[in-house]
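Trainee: Contents of run14.txt (compact mmCIF, C-alpha atoms) are below:
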```
# COMPACT_ATOMS: atom_id res chain seq x y z
CA MET A 1 -4.13 -20.70 19.80
CA ASP A 2 -3.50 -19.59 16.20
CA ARG A 3 -3.75 -22.28 13.60
CA MET A 4 -0.76 -20.86 11.73
CA PRO A 5 2.30 -18.79 12.72
CA ASN A 6 2.36 -15.13 11.75
CA TRP A 7 5.36 -15.51 9.44
CA ALA A 8 3.47 -18.07 7.39
CA ASP A 9 0.47 -15.76 7.10
CA VAL A 10 2.48 -12.67 6.14
CA ILE A 11 5.21 -14.24 3.97
CA LEU A 12 4.66 -17.90 3.09
CA ILE A 13 1.07 -17.79 1.84
CA PRO A 14 1.57 -14.67 -0.33
CA LEU A 15 4.77 -16.19 -1.72
CA ILE A 16 2.99 -19.41 -2.71
CA SER A 17 0.15 -17.38 -4.24
CA VAL A 18 2.61 -15.33 -6.30
CA ILE A 19 4.34 -18.49 -7.52
CA LEU A 20 0.99 -19.96 -8.60
CA ALA A 21 0.11 -16.70 -10.36
CA LEU A 22 3.44 -16.72 -12.21
CA ILE A 23 2.92 -20.34 -13.27
CA VAL A 24 -0.49 -19.50 -14.73
CA SER A 25 1.00 -16.38 -16.36
CA GLY A 26 3.68 -18.56 -17.92
CA LEU A 27 1.00 -20.80 -19.39
CA VAL A 28 -0.73 -17.76 -20.87
CA VAL A 29 2.56 -16.55 -22.40
CA MET A 30 3.12 -20.04 -23.80
CA LEU A 31 -0.32 -20.04 -25.41
CA ILE A 32 0.53 -16.92 -27.44
CA GLY A 33 3.67 -18.62 -28.72
CA GLU A 34 6.36 -17.03 -26.56
CA ASN A 35 8.90 -18.58 -24.21
CA PRO A 36 7.67 -18.02 -20.63
CA PHE A 37 11.17 -18.47 -19.17
CA ARG A 38 12.57 -15.79 -21.46
CA ALA A 39 9.64 -13.52 -20.58
CA MET A 40 10.30 -14.00 -16.88
CA SER A 41 14.00 -13.35 -17.40
CA VAL A 42 13.25 -10.10 -19.26
CA MET A 43 10.87 -8.95 -16.50
CA VAL A 44 13.26 -9.67 -13.64
CA ASN A 45 16.25 -8.21 -15.47
CA GLY A 46 14.26 -5.12 -16.48
CA ALA A 47 13.18 -4.51 -12.88
CA LEU A 48 16.31 -5.51 -10.96
CA GLY A 49 19.11 -6.01 -13.47
CA SER A 50 20.43 -2.46 -13.49
CA ALA A 51 20.48 0.77 -11.52
CA TYR A 52 18.07 2.17 -14.11
CA GLY A 53 15.61 -0.64 -13.42
CA TRP A 54 15.99 -0.35 -9.66
CA GLY A 55 15.36 3.40 -9.88
CA TYR A 56 11.98 2.93 -11.51
CA THR A 57 11.07 -0.14 -9.47
CA LEU A 58 11.65 1.66 -6.16
CA PHE A 59 9.89 4.77 -7.47
CA TYR A 60 6.73 2.72 -8.12
CA THR A 61 7.28 0.90 -4.83
CA THR A 62 7.23 4.21 -2.95
CA ASN A 63 3.84 5.12 -4.43
CA PHE A 64 2.42 1.70 -3.58
CA ILE A 65 3.73 1.81 0.00
CA PHE A 66 1.81 5.02 0.66
CA THR A 67 -1.45 3.82 -0.91
CA GLY A 68 -1.06 0.32 0.54
CA LEU A 69 -0.61 1.71 4.05
CA ALA A 70 -3.70 3.87 3.53
CA VAL A 71 -5.84 0.84 2.73
CA ALA A 72 -4.23 -1.24 5.49
CA VAL A 73 -4.94 1.26 8.28
CA ALA A 74 -8.59 1.54 7.27
CA TYR A 75 -8.91 -2.22 6.93
CA HIS A 76 -7.88 -2.76 10.55
CA ALA A 77 -11.13 -0.98 11.44
CA ARG A 78 -12.94 -3.04 8.77
CA LEU A 79 -13.32 0.08 6.63
CA PHE A 80 -12.64 -0.72 2.99
CA ASN A 81 -11.21 2.56 1.72
CA ILE A 82 -11.03 2.32 -2.06
CA GLY A 83 -10.81 6.09 -2.44
CA GLY A 84 -7.01 6.28 -2.27
CA GLU A 85 -6.92 7.28 -5.93
CA GLY A 86 -8.96 10.42 -5.33
CA GLN A 87 -7.33 11.19 -1.98
CA ALA A 88 -3.85 11.04 -3.52
CA TYR A 89 -5.04 13.09 -6.48
CA VAL A 90 -6.43 15.94 -4.37
CA ALA A 91 -3.32 15.82 -2.17
CA GLY A 92 -1.31 16.78 -5.25
CA LEU A 93 -3.12 20.10 -5.15
CA GLY A 94 -1.87 20.65 -1.60
CA ALA A 95 1.68 19.79 -2.66
CA ALA A 96 1.47 22.24 -5.57
CA LEU A 97 0.19 25.04 -3.34
CA ALA A 98 3.00 24.47 -0.85
CA CYS A 99 5.71 24.46 -3.52
CA LEU A 100 4.47 27.28 -5.77
CA TYR A 101 3.39 29.98 -3.35
CA VAL A 102 5.91 29.82 -0.51
CA PRO A 103 9.60 30.78 -1.06
CA TRP A 104 11.24 27.91 0.81
CA PRO A 105 14.96 28.34 1.59
CA HIS A 106 15.74 24.60 1.36
CA TRP A 107 14.14 21.38 0.13
CA THR A 108 14.12 19.82 3.61
CA ILE A 109 11.76 22.50 4.93
CA ALA A 110 9.68 22.33 1.77
CA LEU A 111 9.40 18.55 2.15
CA VAL A 112 8.03 18.88 5.68
CA ALA A 113 5.51 21.44 4.47
CA VAL A 114 4.41 19.25 1.58
CA ILE A 115 4.06 16.23 3.88
CA VAL A 116 1.80 18.24 6.16
CA LEU A 117 -0.26 19.94 3.46
CA ALA A 118 -0.59 16.93 1.17
CA GLY A 119 -1.56 14.80 4.17
CA LEU A 120 -4.18 17.35 5.21
CA PHE A 121 -5.67 17.53 1.71
CA GLY A 122 -5.84 13.74 1.48
CA ALA A 123 -7.36 13.50 4.95
CA ALA A 124 -9.91 16.19 4.12
CA TRP A 125 -11.01 14.30 1.01
CA ALA A 126 -11.46 11.15 3.11
CA ALA A 127 -13.31 13.01 5.88
CA ILE A 128 -16.55 13.43 3.93
CA PRO A 129 -17.09 9.71 3.19
CA ALA A 130 -16.04 8.97 6.77
CA TRP A 131 -18.66 11.37 8.16
CA LEU A 132 -21.32 9.91 5.86
CA GLN A 133 -20.44 6.42 7.12
CA ALA A 134 -20.34 7.41 10.79
CA LYS A 135 -23.40 9.66 10.89
CA ARG A 136 -25.60 8.62 7.97
CA GLY A 137 -24.75 4.96 7.53
CA SER A 138 -23.59 5.41 3.92
CA HIS A 139 -21.37 2.54 2.84
CA ILE A 140 -17.73 3.57 2.77
CA VAL A 141 -17.04 1.58 -0.42
CA ILE A 142 -19.70 3.43 -2.39
CA THR A 143 -18.84 6.91 -1.15
CA THR A 144 -15.07 6.58 -1.54
CA ILE A 145 -15.26 5.27 -5.09
CA MET A 146 -17.68 8.07 -6.01
CA PHE A 147 -15.26 10.62 -4.58
CA ASN A 148 -12.57 9.26 -6.91
CA PHE A 149 -14.58 10.53 -9.88
CA ILE A 150 -15.34 13.83 -8.17
CA ALA A 151 -11.62 14.30 -7.47
CA ALA A 152 -10.76 13.63 -11.12
CA SER A 153 -13.28 16.22 -12.32
CA LEU A 154 -12.12 18.75 -9.73
CA MET A 155 -8.48 18.37 -10.72
CA VAL A 156 -9.27 18.74 -14.44
CA TYR A 157 -11.04 22.01 -13.70
CA MET A 158 -8.23 23.29 -11.45
CA LEU A 159 -5.43 22.41 -13.86
CA VAL A 160 -7.22 23.76 -16.93
CA ASN A 161 -8.76 26.93 -15.49
CA VAL A 162 -6.72 27.90 -12.44
CA PHE A 163 -3.15 26.56 -12.45
CA ARG A 164 -2.38 26.19 -16.15
CA VAL A 165 0.55 28.30 -17.33
CA PRO A 166 -0.65 31.17 -19.60
CA GLY A 167 0.01 30.35 -23.24
CA SER A 168 0.50 26.62 -22.56
CA MET A 169 -1.90 23.92 -23.73
CA GLU A 170 -0.68 21.38 -21.18
CA PRO A 171 -3.02 20.91 -18.19
CA ALA A 172 -0.29 21.25 -15.58
CA THR A 173 1.20 23.78 -13.21
CA SER A 174 4.49 25.51 -13.80
CA ILE A 175 7.70 23.79 -12.70
CA PHE A 176 8.29 24.13 -8.97
CA PRO A 177 11.12 26.43 -7.80
CA PRO A 178 14.58 24.80 -7.58
CA ALA A 179 14.62 25.11 -3.78
CA THR A 180 11.75 22.58 -3.60
CA HIS A 181 13.37 19.95 -5.85
CA LEU A 182 14.05 16.76 -3.90
CA PRO A 183 17.41 14.98 -4.31
CA ASN A 184 17.05 11.87 -6.45
CA ALA A 185 19.06 8.68 -6.28
CA GLY A 186 21.53 10.05 -8.79
CA GLU A 187 22.48 12.70 -6.22
CA PHE A 188 22.52 10.74 -2.95
CA ALA A 189 23.43 7.30 -4.33
CA GLY A 190 25.20 8.01 -7.62
CA PHE A 191 28.02 5.69 -6.55
CA LEU A 192 25.57 2.80 -7.02
CA GLY A 193 25.14 3.66 -10.68
CA PHE A 194 21.92 5.68 -10.51
CA ARG A 195 21.58 8.29 -13.22
CA PRO A 196 20.68 11.95 -12.57
CA SER A 197 17.37 11.34 -14.39
CA THR A 198 16.21 8.50 -12.12
CA PRO A 199 12.76 9.10 -10.59
CA LEU A 200 13.72 7.50 -7.26
CA ASN A 201 14.08 10.24 -4.65
CA VAL A 202 14.20 10.79 -0.90
CA SER A 203 10.44 10.19 -0.65
CA PHE A 204 11.32 6.49 -0.55
CA PHE A 205 12.71 7.00 2.94
CA VAL A 206 9.61 8.98 3.91
CA ALA A 207 7.56 5.92 2.89
CA LEU A 208 9.68 3.63 5.07
CA VAL A 209 9.28 5.98 8.03
CA ALA A 210 5.53 6.07 7.41
CA ALA A 211 5.43 2.27 7.46
CA PHE A 212 7.26 2.21 10.79
CA LEU A 213 4.93 4.82 12.28
CA VAL A 214 1.90 2.82 11.13
CA TRP A 215 3.31 -0.23 12.91
CA VAL A 216 3.76 1.82 16.08
CA LEU A 217 0.25 3.24 15.76
CA ILE A 218 -1.58 -0.04 15.18
CA TRP A 219 0.31 -2.30 17.60
CA ARG A 220 1.87 -0.01 20.20
CA THR A 221 -0.73 2.66 21.00
CA ARG A 222 -4.11 2.76 22.67
CA LEU A 223 -5.68 4.25 19.55
CA GLY A 224 -4.35 1.35 17.50
CA TYR A 225 -5.84 -1.11 19.97
CA GLU A 226 -9.20 0.64 19.71
CA ILE A 227 -9.02 0.56 15.91
CA ARG A 228 -8.31 -3.17 15.90
CA ALA A 229 -10.96 -3.86 18.55
CA PHE A 230 -13.53 -1.93 16.53
CA GLY A 231 -12.55 -3.90 13.44
CA HIS A 232 -12.93 -7.25 15.17
CA SER A 233 -16.33 -6.49 16.69
CA GLU A 234 -18.13 -3.17 16.65
CA THR A 235 -20.63 -4.41 19.24
CA ALA A 236 -17.93 -5.46 21.67
CA ALA A 237 -16.02 -2.22 21.08
CA VAL A 238 -19.10 -0.14 21.89
CA TYR A 239 -19.68 -2.24 25.02
CA ALA A 240 -16.09 -1.49 26.05
CA GLY A 241 -16.70 2.25 25.72
CA ILE A 242 -15.16 2.87 22.28
CA ASN A 243 -16.93 5.59 20.30
CA PRO A 244 -17.66 4.29 16.75
CA THR A 245 -17.92 7.77 15.24
CA LYS A 246 -14.56 8.76 16.67
CA ILE A 247 -12.83 5.60 15.42
CA ILE A 248 -14.34 5.82 11.93
CA MET A 249 -13.39 9.47 11.54
CA ILE A 250 -9.86 9.18 12.94
CA THR A 251 -9.09 6.00 11.00
CA MET A 252 -10.27 7.44 7.70
CA LEU A 253 -8.42 10.71 8.30
CA ILE A 254 -5.19 8.77 8.86
CA SER A 255 -5.91 6.61 5.83
CA GLY A 256 -6.57 9.59 3.57
CA GLY A 257 -3.48 11.37 4.88
CA LEU A 258 -1.29 8.38 4.07
CA ALA A 259 -2.68 8.19 0.54
CA GLY A 260 -2.02 11.91 0.18
CA LEU A 261 1.65 11.44 1.02
CA MET A 262 2.07 9.89 -2.41
CA ALA A 263 2.23 13.48 -3.70
CA THR A 264 5.65 13.88 -2.09
CA ASN A 265 7.00 11.21 -4.43
CA ALA A 266 5.12 11.65 -7.70
CA VAL A 267 4.46 15.41 -7.66
CA MET A 268 7.25 17.01 -5.65
CA GLY A 269 9.90 14.37 -6.22
CA GLU A 270 9.53 13.05 -9.77
CA ALA A 271 7.46 15.46 -11.90
CA GLU A 272 8.35 18.64 -9.96
CA GLN A 273 4.96 19.98 -11.07
CA LEU A 274 1.33 18.92 -10.75
CA ARG A 275 0.14 17.11 -13.87
CA LEU A 276 -3.16 15.64 -14.95
CA ASP A 277 -3.71 12.02 -13.82
CA TYR A 278 -0.40 11.76 -12.02
CA VAL A 279 -1.70 8.99 -9.72
CA GLN A 280 -2.02 6.50 -12.63
CA GLY A 281 -3.94 3.86 -10.75
CA ALA A 282 -1.65 3.66 -7.72
CA GLY A 283 -4.64 4.10 -5.41
CA PHE A 284 -6.25 0.94 -6.74
CA VAL A 285 -2.95 -0.99 -6.69
CA GLY A 286 -2.74 -0.06 -3.00
CA ILE A 287 -5.80 -2.24 -2.38
CA ALA A 288 -4.00 -5.28 -3.77
CA VAL A 289 -0.82 -4.34 -1.88
CA ALA A 290 -2.67 -4.14 1.44
CA LEU A 291 -4.52 -7.41 0.87
CA MET A 292 -1.38 -9.23 -0.18
CA GLY A 293 0.60 -7.73 2.71
CA ARG A 294 -2.08 -8.78 5.22
CA SER A 295 -2.41 -5.12 6.28
CA HIS A 296 0.94 -5.33 8.07
CA PRO A 297 3.55 -2.64 7.26
CA VAL A 298 6.26 -5.23 6.54
CA GLY A 299 3.92 -7.15 4.28
CA VAL A 300 2.86 -3.89 2.59
CA ILE A 301 6.50 -3.00 1.83
CA LEU A 302 7.20 -6.44 0.34
CA ALA A 303 3.98 -6.43 -1.70
CA ALA A 304 4.68 -2.89 -2.91
CA LEU A 305 8.14 -4.00 -4.04
CA LEU A 306 6.59 -6.91 -5.95
CA PHE A 307 4.14 -4.65 -7.75
CA GLY A 308 6.91 -2.14 -8.41
CA MET A 309 8.84 -4.97 -10.08
CA LEU A 310 5.76 -5.96 -12.09
CA TYR A 311 5.24 -2.38 -13.29
CA GLN A 312 8.84 -1.74 -14.30
CA GLY A 313 9.53 -5.29 -15.50
CA GLY A 314 6.27 -5.29 -17.42
CA ALA A 315 7.24 -2.11 -19.26
CA GLU A 316 10.57 -3.68 -20.25
CA LEU A 317 8.80 -6.88 -21.27
CA ALA A 318 6.40 -5.04 -23.60
CA PHE A 319 9.41 -3.29 -25.15
CA GLU A 320 11.68 -6.33 -25.55
CA MET A 321 8.98 -8.81 -26.64
CA PRO A 322 6.43 -6.95 -28.83
CA ALA A 323 4.20 -10.04 -29.01
CA ILE A 324 3.51 -9.53 -25.30
CA SER A 325 1.52 -6.31 -25.28
CA ARG A 326 0.99 -3.95 -22.39
CA GLU A 327 -2.45 -5.50 -21.96
CA MET A 328 -0.80 -8.90 -21.43
CA VAL A 329 1.33 -7.37 -18.68
CA VAL A 330 -1.87 -6.10 -17.05
CA VAL A 331 -3.20 -9.67 -17.24
CA ILE A 332 -0.13 -10.91 -15.34
CA GLN A 333 -0.66 -8.25 -12.68
CA ALA A 334 -4.34 -9.19 -12.48
CA LEU A 335 -3.44 -12.85 -11.97
CA VAL A 336 -1.21 -11.90 -9.03
CA ILE A 337 -4.11 -9.93 -7.53
CA LEU A 338 -6.50 -12.82 -8.22
CA PHE A 339 -4.38 -15.45 -6.49
CA THR A 340 -3.36 -13.26 -3.54
CA GLY A 341 -6.84 -11.84 -3.02
CA ALA A 342 -9.85 -13.66 -4.39
CA LEU A 343 -8.25 -17.12 -4.29
CA ASP A 344 -6.48 -16.64 -0.97
CA ASN A 345 -8.33 -19.53 0.71
CA MET A 346 -7.17 -21.90 -1.99
CA VAL A 347 -3.68 -21.66 -0.46
CA ARG A 348 -4.62 -20.72 3.09
CA MET A 349 -6.84 -23.70 3.92
CA PRO A 350 -4.31 -26.41 2.95
CA MET A 351 -1.53 -24.52 4.78
CA GLU A 352 -3.66 -24.18 7.92
CA ALA A 353 -4.40 -27.91 7.77
CA LEU A 354 -0.68 -28.65 7.35
CA PHE A 355 0.40 -26.52 10.33
CA LEU A 356 -2.43 -27.92 12.45
CA SER A 357 -1.31 -31.45 11.60
CA LEU A 358 2.31 -30.60 12.48
CA ARG A 359 1.22 -29.06 15.78
CA ARG A 360 -0.85 -32.08 16.72
CA ARG A 361 2.05 -34.36 15.86
CA GLY A 362 4.35 -32.27 18.03
CA ASP A 363 1.86 -32.31 20.91
CA ALA A 364 1.30 -36.07 20.73
CA PRO A 365 2.71 -37.96 23.79
CA VAL A 366 5.87 -39.97 23.28
CA HIS A 367 5.28 -43.74 23.20
CA GLY A 368 5.78 -45.20 26.68
CA ALA A 369 5.84 -41.82 28.41
CA ALA A 370 3.57 -41.11 31.34
CA PRO A 371 0.55 -38.92 30.46
CA ALA A 372 0.71 -35.31 31.52
CA PRO A 373 -1.11 -34.59 34.81
CA LYS A 374 -4.48 -32.88 34.54
CA PRO A 375 -4.37 -29.19 35.45
CA THR A 376 -5.73 -28.29 38.87
CA ARG A 377 -7.84 -25.30 39.85
CA SER A 378 -4.73 -23.60 41.25
CA ASP A 379 -2.97 -24.07 37.90
CA HIS A 380 -5.83 -22.34 36.11
CA ALA A 381 -5.72 -19.49 38.61
CA ALA A 382 -1.99 -19.05 38.01
CA ASP A 383 -2.54 -19.03 34.25
CA ASP A 384 -5.23 -16.40 34.62
CA ALA A 385 -2.92 -14.23 36.72
CA ARG A 386 -0.15 -14.49 34.13
CA THR A 387 -2.59 -13.55 31.38
CA GLU A 388 -3.72 -10.47 33.25
```
For the structure just supplied, provide its representation as structure tokens.
Mentor:
Amino acid sequence: MDRMPNWADVILIPLISVILALIVSGLVVMLIGENPFRAMSVMVNGALGSAYGWGYTLFYTTNFIFTGLAVAVAYHARLFNIGGEGQAYVAGLGAALACLYVPWPHWTIALVAVIVLAGLFGAAWAAIPAWLQAKRGSHIVITTIMFNFIAASLMVYMLVNVFRVPGSMEPATSIFPPATHLPNAGEFAGFLGFRPSTPLNVSFFVALVAAFLVWVLIWRTRLGYEIRAFGHSETAAVYAGINPTKIIMITMLISGGLAGLMATNAVMGEAEQLRLDYVQGAGFVGIAVALMGRSHPVGVILAALLFGMLYQGGAELAFEMPAISREMVVVIQALVILFTGALDNMVRMPMEALFLSLRRRGDAPVHGAAPAPKPTRSDHAADDARTE
């Protein structure tokens, strides 16, 4: 029997960790001579106090959902994919190819094509580290982080020497054709106050669909069961007939494809061109999002929203309170990662003890009541039949 209910693991513990991180952040703000309550008010209002703030918060959230899901899927197989940065970066090349060289009649068809091509490019970039892990025993952490640097160098070369517009000094492609431009929130939700310039676009709904499909994959399919079984015990999975090479390759391909879908939001949706360093660290934030969300799609969405708020609210905080620099905002984000990741057991162990104590108290016999009869062999047989 679990020591703690799932809702406590997915929601309560991360919430307590975030509160502790914000308390420590408030102390840091106080030490530099600023009012922590005013700083928190500016952050929350900047992220959620207007349609402008919501537009940027949900734009960042969309990026983090894709990269968080990528890390989460791999983590279920105990594969720590920290190459989402490079996989998303290379996927931008696939999105640019789809948008620039095919005359799409409508953005809906172009979006499907970009989803497919960006996913394939991201999966292809993850396939090489996956093969090295499955066939050569190379550690997935080392190879994926090395491929981040290779991806950065590759994209610099491509944008400077291949895709750069003649006569322009900017390392970027030309603007995509109008038929590929995705509707933003100003177009499909202008009645809520979103401006035409908001970066939030229909890719947000693609991210939500991706989260649902990941839930179906991991908990409602045979492949998902094999991925989780392999993650719990490779030896037991092999004994049960699960092929390790197959699971490693398929899991990493799915993970890289999910990271690549970020290109639909940042390249096709917001920039409408491929620019240098468009990922901006979202691949690494996805690691924190997956850890905080306990690798569950619902948890990933909530954690991505939190980090979207921190990104947008932090930008407003650095603008409204100059004494709190952008570096200080990064410190606040780092504290959230620290408490929800490295110091997870600091909250988890007391909570597990609390729930265990409550369960024992609930299972204790009522004073004066007759003790429960001992189970017979037939009772055990019936329980086994129900389990099967």
Trainee: For a test of reading the model, state the distance in Å between CA of Ala123 in chain A and CA of Asn265 in chain A, rounded to one decimal.
Mentor: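 Computing it gives 17.3 Å between the two atoms.
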Trainee: Quick one: residues within 12 Å of (5.5, 18.2, 3.7) (file frame), counting only C-alpha atoms, please, as a CSV table (one decimal) with C-alpha atoms, in the frame of the given file.
Mentor:
```csv
chain,number,residue,atom,x,y,z
A,91,ALA,CA,-3.3,15.8,-2.2
A,92,GLY,CA,-1.3,16.8,-5.2
A,94,GLY,CA,-1.9,20.6,-1.6
A,95,ALA,CA,1.7,19.8,-2.7
A,96,ALA,CA,1.5,22.2,-5.6
A,97,LEU,CA,0.2,25.0,-3.3
A,98,ALA,CA,3.0,24.5,-0.8
A,99,CYS,CA,5.7,24.5,-3.5
A,104,TRP,CA,11.2,27.9,0.8
A,107,TRP,CA,14.1,21.4,0.1
A,108,THR,CA,14.1,19.8,3.6
A,109,ILE,CA,11.8,22.5,4.9
A,110,ALA,CA,9.7,22.3,1.8
A,111,LEU,CA,9.4,18.6,2.2
A,112,VAL,CA,8.0,18.9,5.7
A,113,ALA,CA,5.5,21.4,4.5
A,114,VAL,CA,4.4,19.2,1.6
A,115,ILE,CA,4.1,16.2,3.9
A,116,VAL,CA,1.8,18.2,6.2
A,117,LEU,CA,-0.3,19.9,3.5
A,118,ALA,CA,-0.6,16.9,1.2
A,119,GLY,CA,-1.6,14.8,4.2
A,120,LEU,CA,-4.2,17.4,5.2
A,121,PHE,CA,-5.7,17.5,1.7
A,180,THR,CA,11.8,22.6,-3.6
A,182,LEU,CA,14.0,16.8,-3.9
A,203,SER,CA,10.4,10.2,-0.6
A,206,VAL,CA,9.6,9.0,3.9
A,257,GLY,CA,-3.5,11.4,4.9
A,258,LEU,CA,-1.3,8.4,4.1
A,260,GLY,CA,-2.0,11.9,0.2
A,261,LEU,CA,1.6,11.4,1.0
A,262,MET,CA,2.1,9.9,-2.4
A,263,ALA,CA,2.2,13.5,-3.7
A,264,THR,CA,5.6,13.9,-2.1
A,265,ASN,CA,7.0,11.2,-4.4
A,267,VAL,CA,4.5,15.4,-7.7
A,268,MET,CA,7.2,17.0,-5.6
A,269,GLY,CA,9.9,14.4,-6.2
```
Trainee: Counting only C-alpha atoms, what is within 10 Å of Ala39 in chain A, bar same-chain residues fewer than 5 positions away, as JSON, numbers by chain?
Mentor: {"A": [26, 29, 30, 34, 44, 45, 313, 314, 316, 317, 318, 320, 321, 324]}
Trainee: Just the residues within 12 Å of Ile19 in chain A, please, counting all atoms listed in the file, with nothing from its chain fewer than 5 positions along; format it as an mmCIF file with C-alpha atoms, in the frame of the given file.
Mentor:
```
data_model
loop_
_atom_site.group_PDB
_atom_site.id
_atom_site.type_symbol
_atom_site.label_atom_id
_atom_site.label_comp_id
_atom_site.auth_asym_id
_atom_site.auth_seq_id
_atom_site.Cartn_x
_atom_site.Cartn_y
_atom_site.Cartn_z
ATOM 1 C CA LEU A 12 4.660 -17.900 3.090
ATOM 2 C CA ILE A 13 1.070 -17.790 1.840
ATOM 3 C CA PRO A 14 1.570 -14.670 -0.330
ATOM 4 C CA VAL A 24 -0.490 -19.500 -14.730
ATOM 5 C CA SER A 25 1.000 -16.380 -16.360
ATOM 6 C CA GLY A 26 3.680 -18.560 -17.920
ATOM 7 C CA MET A 40 10.300 -14.000 -16.880
ATOM 8 C CA LEU A 306 6.590 -6.910 -5.950
ATOM 9 C CA ILE A 332 -0.130 -10.910 -15.340
ATOM 10 C CA LEU A 335 -3.440 -12.850 -11.970
ATOM 11 C CA VAL A 336 -1.210 -11.900 -9.030
ATOM 12 C CA PHE A 339 -4.380 -15.450 -6.490
ATOM 13 C CA THR A 340 -3.360 -13.260 -3.540
ATOM 14 C CA VAL A 347 -3.680 -21.660 -0.460
#
```
Trainee: CA of Asn345 in chain A to CA of Ile82 in chain A: how many Å, to one decimal?
Mentor: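 So the answer is 22.2 Å.
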Trainee: Distance CA of Pro129 in chain A-CA of Val214 in chain A, one decimal place?
Mentor: 21.7 Å
Trainee: Can you tell me, as a list in words, what residues are no more than 9 Å from range 138-148 of chain A when counting only C-alpha atoms, ignoring any on the same chain fewer than 5 positions away?
Mentor: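 Here the answer would be Leu79, Phe80, Asn81, Ile82, Gly83, Gly84, Glu85, Gly86, Gln87, Tyr89, Trp125, Ala126, Ile128, Pro129, Ala130, Trp131, Leu132, Gln133 and Ser153 of chain A.
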Trainee: Would you tabulate, counting only C-alpha atoms, all residues of range 218-279 of chain A that have an atom at most 12 Å from an atom of range 166-176 of chain A, showing the closest pair of atoms and their distance in Å to one decimal, sorted by chain then ascending number, as CSV?
Mentor:
```
residue,atom,partner,partner_atom,distance
A:Val267,CA,A:Phe176,CA,9.6
A:Met268,CA,A:Phe176,CA,7.9
A:Gly269,CA,A:Phe176,CA,10.3
A:Glu270,CA,A:Phe176,CA,11.2
A:Ala271,CA,A:Ile175,CA,8.4
A:Glu272,CA,A:Phe176,CA,5.6
A:Gln273,CA,A:Ile175,CA,5.0
A:Leu274,CA,A:Thr173,CA,5.4
A:Arg275,CA,A:Ala172,CA,4.5
A:Leu276,CA,A:Pro171,CA,6.2
A:Asp277,CA,A:Pro171,CA,9.9
A:Tyr278,CA,A:Ala172,CA,10.1
```
Trainee: For Ala72 in chain A, find every residue with an atom within 8 Å (counting all atoms listed in the file), except residues of its own chain fewer than 3 positions away, and show them as a PyMOL selection string.
Mentor: chain A and resi 68-69+75-76+290-291+294-296
Trainee: Given the choices A:Gly362, A:Gly308, A:Gly231, A:Gly190, which gets closest to Arg78 in chain A if the distance is worked out from only C-alpha atoms?
Mentor: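 Using only C-alpha atoms, Arg78 in chain A sits closest to A:Gly231.
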Trainee: For a quick check of understanding, using all atoms listed in the file, which of A:Phe188, A:Tyr225, A:Phe59, A:Trp215 has the smallest distance to Val300 in chain A?
Mentor: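 Of A:Phe188, A:Tyr225, A:Phe59, A:Trp215, the one nearest Val300 in chain A is A:Trp215, counting all atoms listed in the file.
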Trainee: Pick out the closest residue to Tyr60 in chain A from this set: A:Asn35, A:Ser357, A:Thr251, A:Gln280. Count all atoms listed in the file.
Mentor: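 That would be A:Gln280, the residue with the smallest distance to Tyr60 in chain A.
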Trainee: What are the centre and edge lengths in Å, to one decimal, of the axis-aligned box around all listed atoms of range 2-11 of chain A with 4 Å added on each side, as JSON?
Mentor:
```
{"center_x": 0.8, "center_y": -17.5, "center_z": 10.1, "size_x": 17.1, "size_y": 17.6, "size_z": 20.2}
```
Trainee: Find the residues near Phe64 in chain A: any atom within 7 Å, counting all atoms listed in the file, skip ones fewer than 2 places away on the same chain, and give them as a list in words.
Mentor: Tyr60, Thr61, Thr62, Phe66, Thr67, Gly68, Ala282, Val285, Gly286 and Ala304 of chain A
Trainee: Which of these residues is nearest to Leu223 in chain A, using all atoms listed in the file: A:Ile250, A:Pro105, A:His181, A:Leu343?
Mentor: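 Answer, going by the shortest atom-to-atom distance: A:Ile250.
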Trainee: From the set A:Ile247, A:Ile227, A:Leu253, A:Met309, which residue has the shortest atom-to-atom contact distance to Gly49 in chain A, counting all atoms listed in the file?
Mentor: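 When distances to Gly49 in chain A are compared using all atoms listed in the file, the smallest one comes from A:Met309.
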Trainee: For Leu154 in chain A, which of A:Leu93, A:Phe191, A:Gly55, A:Leu200 is the closest residue, counting all atoms listed in the file?
Mentor: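 Once distances to Leu154 in chain A are computed over all atoms listed in the file, the minimum belongs to A:Leu93.
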